[in-house]
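Since the structure comes first, as structure tokens, the remarks are kept for the end.
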There are 2 protein chains.
Amino acid sequence: MVAVTSSPNIGKSIDRLEAREKVTGRVEYVHHLRLPGMLYGKIFRSNVPHARIKSVDISAAQALEGVYQVITIDDIRKVIPHPYYGPAFHDQPILADGKVRFAGEPVAVVLATDKRIAEEAVGLITAEYEDLPGVFDEVDAMTSETLVHDELKPAATFPDLQHLKGRSGTNVALDYHLLHGDPDAGFAASDHIFEHTFRTQQVMHTPMEPFVSVADVQEGRVTLHTASQGPSFVRIEIARLLGLPENRVRVVVPHLGGGFGGKLYIKLEALVTALSMVAQRPVKISLTMEEQFYMVTRHPCTFKIKSGVTKEGKILARHCEIVWNGGAYADIGPRVTQKAGFTSAGPYDIENVSIDSYAVYTNRPPCGALRGFGAPQTAWAYERHTDMIADALGFDKIAFRRQNLLREGRPQASGTLMRDAALDQVLDHLVDRMNWDIPLDKGTGRIRRGRGIAIGFKGITAPTTSVAIVNMYGDGSCGLYIGTVDMGQGSDTVMAQIAAEVLNIDAASIRVIHPDTDVTPYDMGTLGSRSTFHMGTAVRLAAEEAKAKIAALAVELGMPEGSNVPLAELLRRKYGMQAGNIIGTGSFIPAYEKPDTKTGQSTKATPFWGVGAAGAEVEIDTETGHITVTKLVNVADVGTAINPKMVQQQLSGAGIMQLGFTLTENMVFRDGQLTNGSLADYKIPNLLDMPREFINEYVESRQKDGPFGAKGAGESTTIALSPAIGNAVADAIGIHLTDLPITPESIFRALQEANGTPLAGD
Amino acid sequence: MVAVTSSPNIGKSIDRLEAREKVTGRVEYVHHLRLPGMLYGKIFRSNVPHARIKSVDISAAQALEGVYQVITIDDIRKVIPHPYYGPAFHDQPILADGKVRFAGEPVAVVLATDKRIAEEAVGLITAEYEDLPGVFDEVDAMTSETLVHDELKPAATFPDLQHLKGRSGTNVALDYHLLHGDPDAGFAASDHIFEHTFRTQQVMHTPMEPFVSVADVQEGRVTLHTASQGPSFVRIEIARLLGLPENRVRVVVPHLGGGFGGKLYIKLEALVTALSMVAQRPVKISLTMEEQFYMVTRHPCTFKIKSGVTKEGKILARHCEIVWNGGAYADIGPRVTQKAGFTSAGPYDIENVSIDSYAVYTNRPPCGALRGFGAPQTAWAYERHTDMIADALGFDKIAFRRQNLLREGRPQASGTLMRDAALDQVLDHLVDRMNWDIPLDKGTGRIRRGRGIAIGFKGITAPTTSVAIVNMYGDGSCGLYIGTVDMGQGSDTVMAQIAAEVLNIDAASIRVIHPDTDVTPYDMGTLGSRSTFHMGTAVRLAAEEAKAKIAALAVELGMPEGSNVPLAELLRRKYGMQAGNIIGTGSFIPAYEKPDTKTGQSTKATPFWGVGAAGAEVEIDTETGHITVTKLVNVADVGTAINPKMVQQQLSGAGIMQLGFTLTENMVFRDGQLTNGSLADYKIPNLLDMPREFINEYVESRQKDGPFGAKGAGESTTIALSPAIGNAVADAIGIHLTDLPITPESIFRALQEANGTPLAGD
């Protein structure tokens, strides 16, 4: 940040470009869109978790006045012969195909011109099932004879998944292994060995804008208006499903009301496309808030972590075994397994590490990407584990961490060196903001207080590509064509700031052209904290090319160097009037090295490191188990903050989201049936849940190869928050909880158990 | 054409890319568009040709239930302080401002959510006028004391018009002069001198899709959906009117149902934009067919032509004096005056030429660009004149033309050399197709037959700019971003063929991205036969840049040269999956030289020459004057025909249009009031009017600097058709008509006059 404070654009907290449109209610969302002749679709869902479909009776629904058509997989197969999709595996049918694999799976769709009629008709559909045994727990699924899928069907896209093709007789979709050093020797040389098992629960994204997609298929051309974080992916996958070239599939994405990873890959898009093809009409489906529980969620996981430590506190060896509950369809789960797998030993300099990470199918709603991409689940384990070791050996928790922290230039377990990862500064800053050297009044009576910290890190999906176009018009004003989706994180503004900085113009004057795959170039997706780094670099390169072309035009026109003639004037001289364009393009993919086939290591496992630390102070009512987070500090390394205000919104937003995943949010299942599938029962944080003291800060650092030193900021404060609270709870009541969420009930039970008085009924 | 017949794309009559969409009725037109909250505007028009507005009473209209608002210039001035627009002069008010200058001028607009209510309310508006004397005839207007405008207000865009700023006391908007050689000496050396005066009538474009525009102004950003031939111009002019940068004005143009020059520059766009700003709602105006008479029309003109000829038939000197009736607002008339002016001496090698060409204001509906841009009016004169000289001197009409034809490398009157203008071949081909060496049976009784030919040429507006982007997606499919408007001429298909030829792919596989000024780069306009040459070159350059980038990528990936690995595979190797883009851009402006200040000459007056010839055989009923065109031959030089079928459609379409302007179409005025302002009274040609024998052909030639040897083809057959028919009439009845249209009535009157028996009442 120091190097760029004199910039006109970088490091400035300018308002979001769309701020006025948003507050005046004029901003475009897909929910607003109606096309002439459009039909509304409502989904009839399975009410059993695993079964063969004996029959579906749509006759009463079809007969309801105002119903256009009721559609099942048989209709879809007529227009799409192989109606299976998915980013990693082609395992998910557009509608249930002979079997249902989770309670809530779409079985049929009613199309009507009025959505209330469609909804009423859904109530008239009945299905007969032949129940199959279900498997719901990820650890059970590893060995269960109940199989969710007969065989694995990896997408052709990913060469590294092809060895799984046709694998059968297992629920393991992907097993990922990493070996660094000699763990056996490390454990043998250790003075102490610790092993703990941690579990996290299933939660969901809960964007305020539920899933919504509109498809219009005409004359062999598909137009999709969809609330998607990945328009390029949608285009390519729909083109594959339909056997079309990319340029016959147009995916248009306006603003999103949140995404958090849920709106990635294919969600409603294949379904509405198929429906539009069958019905020969535009089709819209918008889910209710509650239906989102059955679309995509976050992986529960069971993480067994084992460490060997010397008596001086050096961690010599670590083994991680993580089983990820992927639900009924793989979605991007296999990638979560790998990407969160390789950082699962934590941000510590451990010379001997082995990691085994498993994606398993169960009969639950599918799990995919959710802010943090598995890192928060692993940090819950490794940072609780860190405190438990420190407690057991009587180490200072800060000093123990500092002693083992991965430092600049040292290899992480993947073999990739730590570069531009401000772990030390983040930890120092956190310790400072927590006033760690001032002892906390922990209380002695019914109310007990405690504090805890945690630190974590995250690798970024690699290698991925972003392409940008900068188009300068005849008067020198500028359009920026990017496939990055502004879902509330402020990417439009940040990308404009980057382009403006290069072009030496005002960011607010740049017009960002929203994703439309016909015109905005390829972007892998708005996901995994990648946009500022990847698209930001592509934008920087595009703007630099435009700038170079402007300079070349000035030379062509015989201007003396450095004469700084405005572009509008250059173009006027070149073209004789206000005319013409200067067009720059930029394309970015970070360097990559394939993992070693034996160890799984690669020197380019991630293009940069996300770093986040959190500290919490809690108050616990030991009679009721009631927990109050009284202070919460999030600190992240974001490299340069392109827009400090928006970075802070990202840090606090991610923190609040993770706070819900820590304390209240939990999809509770009984025999595969979700028992709290409503926002009355499933509690996301609201304003009253905010900590009295809530600090979100970033340290001054610099990602050398990032645009103006920036890196991604959207996930870093998801990582360490849960274990910081877990550690604070342990500090307050002396009991180490291992499972999320931390609820009054779980604390109360733990206290009762510790006191030797288990609850009645247990 | 010979050089490229082995091309996979060039010279192939592939179907229009939008053919299926058009025949299934799914193609997008602005008429289909409805926006949420949109209001419909209906125009209240002046019923007097020249008057001061004393008052406009909108109270009854405003009080009608369902009326949202009634708007006059006073309302518009609140949002646009200087509400005057125009391409050459800023002389046209968005609504009448204190004065009306033609009968039919918009005075007020009713906005309502229902267009029938708006129409009803228009009937309730009354206006009080103080009549002013009107001037209607162009020759009268040259000297009249009645002034249509107080002073001239040239647009800042054009440096060459700035000397006119503030000029007052005249109706002459622009006087254009060209001097070549020494006409006085030429006339002095001539054996014979001929002088004739010719007149053409006012006609209109009559696109089957009437004018329609929708504006949506929100948060300082304008979105226009409009049936415009010039989206870039609309953007720049609206930005100027509102004081906005270009990137706050978005102009989107889908397919057009015809344009013919009428939908150029600003038509409804300024009005709907202003209305949307006042009403704070989206506003649509779509004209009726009949309202089009009051939007824009073709210039009537009076052309006095004088030639000096040797007894051997060599034309030594020519003087042209043309007065163009521009109507009440200049529109692009001043450019017609110049561009049609400089070729008005015809396609002959005359060493001494002087040209005086005047754009004058009158109290008629405005005149602007119409297919041919003045060339058909001038050719009517110079090719009738050619025949009249030949007749007078007893020359063979073909031989006389061949003797004087402008040949390759010779200077035209402008000083620009003839290059790639196949005048000889076109004339030869025409003579052949007319079977000229076989004498025609001319008849002896009541029915007389005659035949005539004519040849003409046209310069192209210069210099103008086109920019194109070629975007190749991850699977190698292609998007082509162009501002060229496909209004039925087939430009989408032709541009795709050019790009496909360079990229060696199938033209039908290219997706053409229609004009959207946010994303498609600058194009001066779809006008004046410029698209194939200008945009075609930009497309070629863009595709060549993309091709070079593909080759560079292959080298980067270590492919051996000429290995021809498909782009999809190259991108997969580069990006590890189906991802990325190859983006090429191309920009084209032809070389230009400013005219000499004394002579008006320039060696770069046109980037290429349009050449067209026509031949006609007619039958005339000498008792009634009834005329039947029994055979019509159009021959043009189009360079290479990129798509022969579509070139033929252009040639025949232009011919049919000009046939209407020759025989039936005529806006008849009485005291400035249009008396036949309906399509019941104003007759455009229909199928029954087609000649029994109708041949449209082009010669094999090559425009060396055109894309694959092509040049524009949309106007060439408008040029010579009228004089060919006029010459045929003279051949049949021995009378030389000088005015268009040639109607049964005009023939009957001429016959009566020749017989010395004028009609009763004359």
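Scheme for the structure tokens: letters A, B, ... for chains in order shown; per-chain residue numbers from 1; ligand numbers from 1 in order shown.
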
(request) Please return, as a PyMOL selection string, all residues of chain B lying within 8 Å of chain A when only C-alpha atoms are considered. (result) chain B and resi 20-21+157-158+219+236+245-248+463-467+471+473-475+477-479+481+510-511+513+518-519+521-524+575-581+583+585+587+589

(request) Write down as number ranges by chain the residues of stretch 110-176 of chain A whose backbone DSSP state falls under strand (DSSP E). (result) A: 110-112, 126-131, 172-176

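Using only C-alpha atoms, the residues found no farther than 9 Å from B:Pro334, other than those of its own chain fewer than 4 positions away, are Ala88, Phe89, Ala173, Leu174, Asp175, Tyr176, Trp324, Gly326, Ala330, Gln338, Lys339, Tyr358, Ala359, Val360 and Gly368 of chain B.
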
Just asking: which residues within stretch 187-390 of chain A are helix (DSSP H, G or I) according to DSSP, as an mmCIF file with N, CA and C atoms, in the first residue's frame?
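Okay, this is what ended up in part-v5.cif:
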```
data_model
loop_
_atom_site.group_PDB
_atom_site.id
_atom_site.type_symbol
_atom_site.label_atom_id
_atom_site.label_comp_id
_atom_site.auth_asym_id
_atom_site.auth_seq_id
_atom_site.Cartn_x
_atom_site.Cartn_y
_atom_site.Cartn_z
ATOM 1 N N PHE A 187 7.039 -38.823 13.145
ATOM 2 C CA PHE A 187 6.322 -39.265 14.352
ATOM 3 C C PHE A 187 7.279 -40.000 15.293
ATOM 4 N N ALA A 188 8.186 -40.833 14.709
ATOM 5 C CA ALA A 188 9.118 -41.619 15.526
ATOM 6 C C ALA A 188 10.036 -40.697 16.339
ATOM 7 N N ALA A 189 10.364 -39.560 15.741
ATOM 8 C CA ALA A 189 11.291 -38.641 16.415
ATOM 9 C C ALA A 189 10.588 -37.705 17.396
ATOM 10 N N PRO A 231 -20.672 -17.499 -15.675
ATOM 11 C CA PRO A 231 -21.295 -17.516 -17.006
ATOM 12 C C PRO A 231 -20.498 -18.301 -18.036
ATOM 13 N N SER A 232 -19.185 -18.229 -18.012
ATOM 14 C CA SER A 232 -18.404 -18.961 -19.018
ATOM 15 C C SER A 232 -18.587 -20.457 -18.824
ATOM 16 N N PHE A 233 -18.584 -20.902 -17.565
ATOM 17 C CA PHE A 233 -18.793 -22.329 -17.326
ATOM 18 C C PHE A 233 -20.173 -22.760 -17.810
ATOM 19 N N VAL A 234 -21.184 -21.966 -17.479
ATOM 20 C CA VAL A 234 -22.552 -22.312 -17.896
ATOM 21 C C VAL A 234 -22.609 -22.459 -19.411
ATOM 22 N N ARG A 235 -22.002 -21.497 -20.110
ATOM 23 C CA ARG A 235 -22.024 -21.571 -21.572
ATOM 24 C C ARG A 235 -21.408 -22.868 -22.076
ATOM 25 N N ILE A 236 -20.245 -23.186 -21.566
ATOM 26 C CA ILE A 236 -19.513 -24.346 -22.077
ATOM 27 C C ILE A 236 -20.257 -25.638 -21.733
ATOM 28 N N GLU A 237 -20.813 -25.706 -20.537
ATOM 29 C CA GLU A 237 -21.496 -26.940 -20.112
ATOM 30 C C GLU A 237 -22.826 -27.120 -20.846
ATOM 31 N N ILE A 238 -23.552 -26.030 -21.053
ATOM 32 C CA ILE A 238 -24.806 -26.122 -21.815
ATOM 33 C C ILE A 238 -24.493 -26.493 -23.272
ATOM 34 N N ALA A 239 -23.439 -25.907 -23.812
ATOM 35 C CA ALA A 239 -23.037 -26.247 -25.184
ATOM 36 C C ALA A 239 -22.698 -27.737 -25.272
ATOM 37 N N ARG A 240 -22.000 -28.255 -24.267
ATOM 38 C CA ARG A 240 -21.665 -29.683 -24.258
ATOM 39 C C ARG A 240 -22.938 -30.538 -24.199
ATOM 40 N N LEU A 241 -23.848 -30.180 -23.289
ATOM 41 C CA LEU A 241 -25.079 -30.960 -23.128
ATOM 42 C C LEU A 241 -25.878 -31.017 -24.425
ATOM 43 N N LEU A 242 -25.885 -29.903 -25.161
ATOM 44 C CA LEU A 242 -26.724 -29.796 -26.352
ATOM 45 C C LEU A 242 -25.957 -30.081 -27.639
ATOM 46 N N GLU A 246 -19.937 -23.051 -28.738
ATOM 47 C CA GLU A 246 -20.118 -22.036 -27.685
ATOM 48 C C GLU A 246 -20.904 -20.829 -28.176
ATOM 49 N N ASN A 247 -20.667 -20.446 -29.424
ATOM 50 C CA ASN A 247 -21.293 -19.196 -29.870
ATOM 51 C C ASN A 247 -22.781 -19.337 -30.179
ATOM 52 N N ARG A 248 -23.350 -20.525 -29.934
ATOM 53 C CA ARG A 248 -24.813 -20.666 -30.012
ATOM 54 C C ARG A 248 -25.429 -20.609 -28.616
ATOM 55 N N GLU A 269 -29.627 -23.908 -14.590
ATOM 56 C CA GLU A 269 -29.489 -23.577 -16.006
ATOM 57 C C GLU A 269 -29.801 -24.743 -16.945
ATOM 58 N N ALA A 270 -29.329 -25.941 -16.605
ATOM 59 C CA ALA A 270 -29.605 -27.081 -17.498
ATOM 60 C C ALA A 270 -31.101 -27.378 -17.501
ATOM 61 N N LEU A 271 -31.707 -27.263 -16.341
ATOM 62 C CA LEU A 271 -33.139 -27.552 -16.237
ATOM 63 C C LEU A 271 -33.966 -26.566 -17.066
ATOM 64 N N VAL A 272 -33.752 -25.273 -16.891
ATOM 65 C CA VAL A 272 -34.584 -24.319 -17.650
ATOM 66 C C VAL A 272 -34.315 -24.415 -19.146
ATOM 67 N N THR A 273 -33.079 -24.705 -19.508
ATOM 68 C CA THR A 273 -32.769 -24.874 -20.932
ATOM 69 C C THR A 273 -33.558 -26.052 -21.501
ATOM 70 N N ALA A 274 -33.523 -27.177 -20.791
ATOM 71 C CA ALA A 274 -34.253 -28.359 -21.259
ATOM 72 C C ALA A 274 -35.748 -28.068 -21.332
ATOM 73 N N LEU A 275 -36.261 -27.378 -20.314
ATOM 74 C CA LEU A 275 -37.695 -27.069 -20.292
ATOM 75 C C LEU A 275 -38.077 -26.175 -21.465
ATOM 76 N N SER A 276 -37.237 -25.185 -21.752
ATOM 77 C CA SER A 276 -37.526 -24.276 -22.868
ATOM 78 C C SER A 276 -37.502 -25.033 -24.193
ATOM 79 N N MET A 277 -36.596 -26.005 -24.301
ATOM 80 C CA MET A 277 -36.544 -26.799 -25.531
ATOM 81 C C MET A 277 -37.795 -27.653 -25.669
ATOM 82 N N VAL A 278 -38.239 -28.251 -24.574
ATOM 83 C CA VAL A 278 -39.431 -29.099 -24.630
ATOM 84 C C VAL A 278 -40.664 -28.247 -24.907
ATOM 85 N N ALA A 279 -40.775 -27.139 -24.181
ATOM 86 C CA ALA A 279 -41.998 -26.331 -24.264
ATOM 87 C C ALA A 279 -41.993 -25.386 -25.462
ATOM 88 N N GLU A 290 -36.553 -21.389 0.763
ATOM 89 C CA GLU A 290 -36.476 -22.723 1.371
ATOM 90 C C GLU A 290 -35.970 -23.773 0.389
ATOM 91 N N GLU A 291 -36.330 -23.601 -0.879
ATOM 92 C CA GLU A 291 -35.872 -24.595 -1.862
ATOM 93 C C GLU A 291 -34.349 -24.607 -2.002
ATOM 94 N N GLN A 292 -33.735 -23.533 -1.550
ATOM 95 C CA GLN A 292 -32.281 -23.468 -1.674
ATOM 96 C C GLN A 292 -31.575 -24.560 -0.869
ATOM 97 N N PHE A 293 -32.213 -25.052 0.192
ATOM 98 C CA PHE A 293 -31.598 -26.133 0.975
ATOM 99 C C PHE A 293 -31.331 -27.365 0.107
ATOM 100 N N TYR A 294 -32.096 -27.493 -0.982
ATOM 101 C CA TYR A 294 -32.003 -28.703 -1.804
ATOM 102 C C TYR A 294 -31.204 -28.476 -3.081
ATOM 103 N N GLY A 333 -17.315 -30.850 -5.383
ATOM 104 C CA GLY A 333 -16.747 -31.453 -4.180
ATOM 105 C C GLY A 333 -15.364 -32.067 -4.353
ATOM 106 N N PRO A 334 -15.117 -32.800 -5.435
ATOM 107 C CA PRO A 334 -13.774 -33.376 -5.598
ATOM 108 C C PRO A 334 -12.669 -32.319 -5.565
ATOM 109 N N ARG A 335 -12.969 -31.141 -6.064
ATOM 110 C CA ARG A 335 -11.966 -30.075 -6.026
ATOM 111 C C ARG A 335 -11.812 -29.511 -4.609
ATOM 112 N N VAL A 336 -12.912 -29.478 -3.865
ATOM 113 C CA VAL A 336 -12.816 -29.055 -2.460
ATOM 114 C C VAL A 336 -11.902 -30.027 -1.724
ATOM 115 N N THR A 337 -12.105 -31.294 -2.001
ATOM 116 C CA THR A 337 -11.305 -32.349 -1.377
ATOM 117 C C THR A 337 -9.810 -32.143 -1.610
ATOM 118 N N GLN A 338 -9.474 -31.756 -2.844
ATOM 119 C CA GLN A 338 -8.063 -31.527 -3.178
ATOM 120 C C GLN A 338 -7.559 -30.201 -2.629
ATOM 121 N N LYS A 339 -8.335 -29.144 -2.905
ATOM 122 C CA LYS A 339 -7.818 -27.797 -2.625
ATOM 123 C C LYS A 339 -7.785 -27.515 -1.138
ATOM 124 N N ALA A 340 -8.859 -27.908 -0.425
ATOM 125 C CA ALA A 340 -8.807 -27.734 1.022
ATOM 126 C C ALA A 340 -7.928 -28.815 1.628
ATOM 127 N N GLY A 341 -7.793 -29.923 0.877
ATOM 128 C CA GLY A 341 -6.910 -30.982 1.372
ATOM 129 C C GLY A 341 -5.468 -30.526 1.516
ATOM 130 N N PHE A 342 -4.947 -29.871 0.521
ATOM 131 C CA PHE A 342 -3.491 -29.656 0.530
ATOM 132 C C PHE A 342 -3.040 -28.623 1.562
ATOM 133 N N ALA A 375 -11.640 -24.621 3.437
ATOM 134 C CA ALA A 375 -10.623 -24.148 4.382
ATOM 135 C C ALA A 375 -11.186 -23.919 5.782
ATOM 136 N N PRO A 376 -12.412 -23.358 5.924
ATOM 137 C CA PRO A 376 -12.923 -23.159 7.286
ATOM 138 C C PRO A 376 -13.121 -24.485 8.029
ATOM 139 N N GLN A 377 -13.538 -25.535 7.324
ATOM 140 C CA GLN A 377 -13.727 -26.823 7.985
ATOM 141 C C GLN A 377 -12.385 -27.373 8.461
ATOM 142 N N THR A 378 -11.342 -27.228 7.605
ATOM 143 C CA THR A 378 -10.048 -27.782 8.028
ATOM 144 C C THR A 378 -9.439 -26.941 9.142
ATOM 145 N N ALA A 379 -9.618 -25.617 9.071
ATOM 146 C CA ALA A 379 -9.036 -24.756 10.117
ATOM 147 C C ALA A 379 -9.712 -25.014 11.458
ATOM 148 N N TRP A 380 -11.015 -25.296 11.420
ATOM 149 C CA TRP A 380 -11.712 -25.669 12.661
ATOM 150 C C TRP A 380 -10.950 -26.802 13.349
ATOM 151 N N ALA A 381 -10.485 -27.748 12.565
ATOM 152 C CA ALA A 381 -9.772 -28.888 13.137
ATOM 153 C C ALA A 381 -8.345 -28.499 13.540
ATOM 154 N N TYR A 382 -7.580 -27.955 12.569
ATOM 155 C CA TYR A 382 -6.148 -27.797 12.897
ATOM 156 C C TYR A 382 -5.894 -26.710 13.932
ATOM 157 N N GLU A 383 -6.787 -25.693 14.015
ATOM 158 C CA GLU A 383 -6.541 -24.665 15.024
ATOM 159 C C GLU A 383 -7.140 -25.004 16.394
ATOM 160 N N ARG A 384 -8.150 -25.837 16.428
ATOM 161 C CA ARG A 384 -8.578 -26.394 17.723
ATOM 162 C C ARG A 384 -7.471 -27.323 18.224
ATOM 163 N N HIS A 385 -6.966 -28.151 17.309
ATOM 164 C CA HIS A 385 -5.868 -29.085 17.592
ATOM 165 C C HIS A 385 -4.645 -28.328 18.143
ATOM 166 N N THR A 386 -4.313 -27.202 17.546
ATOM 167 C CA THR A 386 -3.164 -26.404 18.010
ATOM 168 C C THR A 386 -3.343 -26.012 19.472
ATOM 169 N N ASP A 387 -4.522 -25.499 19.802
ATOM 170 C CA ASP A 387 -4.781 -25.105 21.192
ATOM 171 C C ASP A 387 -4.779 -26.308 22.128
ATOM 172 N N MET A 388 -5.302 -27.421 21.672
ATOM 173 C CA MET A 388 -5.375 -28.605 22.532
ATOM 174 C C MET A 388 -3.970 -29.117 22.841
ATOM 175 N N ILE A 389 -3.085 -29.051 21.820
ATOM 176 C CA ILE A 389 -1.684 -29.449 22.062
ATOM 177 C C ILE A 389 -1.036 -28.469 23.041
ATOM 178 N N ALA A 390 -1.236 -27.170 22.768
ATOM 179 C CA ALA A 390 -0.631 -26.154 23.629
ATOM 180 C C ALA A 390 -1.115 -26.305 25.063
#
```

(message) Neighbouring residues of B:Asp621 were defined as those with any atom within 12 Å, considering only C-alpha atoms; residues of the same chain fewer than 6 positions away were excluded. Please report them as a PyMOL selection string.
(response) chain B and resi 443-450+627-629+729+732-733+743-745+747-748+751

(request) Compare A:Ile742, A:Ala51, A:Ala710, A:Leu111 by their minimum atom-to-atom distance to A:Leu64, counting only C-alpha atoms, and give me the closest one. (result) A:Leu111

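Nearest residue to A:His514 among A:Asn564, A:Asn686, A:Gln229, A:Ser46 is A:Gln229, counting only C-alpha atoms.
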
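The space separating atom CA of B:Arg167 from atom CA of B:Lys594 comes to 23.0 Å.
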